[in-house]
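Read the structure below first, then the notes.
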Amino acid sequence: MTNGYTGVQSRELDARKISTMLNRLNTGKLNATGDVTLTANQTTTNVSDLRCGVDSVITFMPQTANAASAMATTYVSARNKQGFTISHANDANTDKTFSYIIIG
């Protein structure tokens, strides 16, 4: 679920690794995004993501027309350690794909 940006260890001494990470952060590369396709014919979709916690804020961006039309009935109904649950309308569309961002 990550975008491949490596972090640095808490005792990192390599200035190049630290500056690379800081430069990525400065240009918006937060390693806080993912993609999810809502489960067809269900009212919930569970997402596993190690970056998620009970206090995380999760927002969505639709990637397809069907995802955009589902926005009014799509919301995060539960957050937990390493995952969250999305509640949504029950229909047969299999292309309701969203990008999401997790903060916190």
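In the structure tokens, chains take letters A, B, ... by order of appearance, with residues numbered from 1 within each chain and ligands from 1 in the order shown.
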
Surrounding residues of A:Gln42 excluding itself and chain neighbours under 4 positions, 10 Å, only C-alpha atoms, as a ChimeraX atom specification = /A:38,87-92

Now that the selection is made, can you save its residues with N, CA and C atoms as an mmCIF file, in the first residue's frame?
```cif
data_model
loop_
_atom_site.group_PDB
_atom_site.id
_atom_site.type_symbol
_atom_site.label_atom_id
_atom_site.label_comp_id
_atom_site.auth_asym_id
_atom_site.auth_seq_id
_atom_site.Cartn_x
_atom_site.Cartn_y
_atom_site.Cartn_z
ATOM 1 N N LEU A 38 -13.960 -0.229 -4.312
ATOM 2 C CA LEU A 38 -15.032 -0.664 -3.424
ATOM 3 C C LEU A 38 -15.542 -2.042 -3.850
ATOM 4 N N SER A 87 -17.862 2.489 4.319
ATOM 5 C CA SER A 87 -19.264 2.150 4.082
ATOM 6 C C SER A 87 -19.696 2.826 2.791
ATOM 7 N N HIS A 88 -20.517 2.132 2.007
ATOM 8 C CA HIS A 88 -20.923 2.646 0.692
ATOM 9 C C HIS A 88 -22.193 1.951 0.234
ATOM 10 N N ALA A 89 -22.785 2.472 -0.819
ATOM 11 C CA ALA A 89 -23.996 1.879 -1.386
ATOM 12 C C ALA A 89 -23.689 0.502 -1.967
ATOM 13 N N ASN A 90 -24.682 -0.355 -1.918
ATOM 14 C CA ASN A 90 -24.579 -1.712 -2.456
ATOM 15 C C ASN A 90 -25.030 -1.698 -3.914
ATOM 16 N N ASP A 91 -24.095 -1.909 -4.841
ATOM 17 C CA ASP A 91 -24.454 -2.053 -6.254
ATOM 18 C C ASP A 91 -23.439 -2.948 -6.948
ATOM 19 N N ALA A 92 -23.690 -3.246 -8.226
ATOM 20 C CA ALA A 92 -22.873 -4.220 -8.949
ATOM 21 C C ALA A 92 -21.655 -3.616 -9.646
#
```

Given the choices A:Ser19, A:Thr74, A:Asn80, A:Asn66, which gets closest to A:Asp95 if the distance is worked out from only C-alpha atoms?
-> A:Asn66

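Residues of stretch 21-53 of chain A carrying a DSSP assignment of helix (DSSP H, G or I), computed from the backbone, are Met21, Leu22, Asn23, Arg24, Leu25 and Asn26 of chain A.
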
Once you have the residues from the selection above, write them out as a CSV table (one decimal), in the first residue's frame, restricted to N, CA and C atoms.
```
chain,number,residue,atom,x,y,z
A,21,MET,N,15.1,12.3,1.9
A,21,MET,CA,13.8,12.1,2.5
A,21,MET,C,13.1,13.5,2.7
A,22,LEU,N,13.9,14.5,3.2
A,22,LEU,CA,13.4,15.8,3.5
A,22,LEU,C,13.0,16.5,2.2
A,23,ASN,N,13.8,16.3,1.1
A,23,ASN,CA,13.4,16.9,-0.2
A,23,ASN,C,12.2,16.3,-0.7
A,24,ARG,N,12.0,15.0,-0.6
A,24,ARG,CA,10.7,14.4,-1.0
A,24,ARG,C,9.5,15.0,-0.2
A,25,LEU,N,9.7,15.1,1.1
A,25,LEU,CA,8.6,15.7,1.9
A,25,LEU,C,8.3,17.1,1.4
A,26,ASN,N,9.3,17.9,1.1
A,26,ASN,CA,9.2,19.2,0.7
A,26,ASN,C,8.4,19.4,-0.6
```

Would you mind telling me which residue in A:Val76, A:Leu13, A:Ile58, A:Ile101 lies nearest to A:Asp35 when using only C-alpha atoms?
-> A:Ile101

Strand (DSSP E) residues, from DSSP on the backbone, in chain A, as a PyMOL selection string = chain A and resi 33-37+44-48+57-62+75-80+83-87+97-103
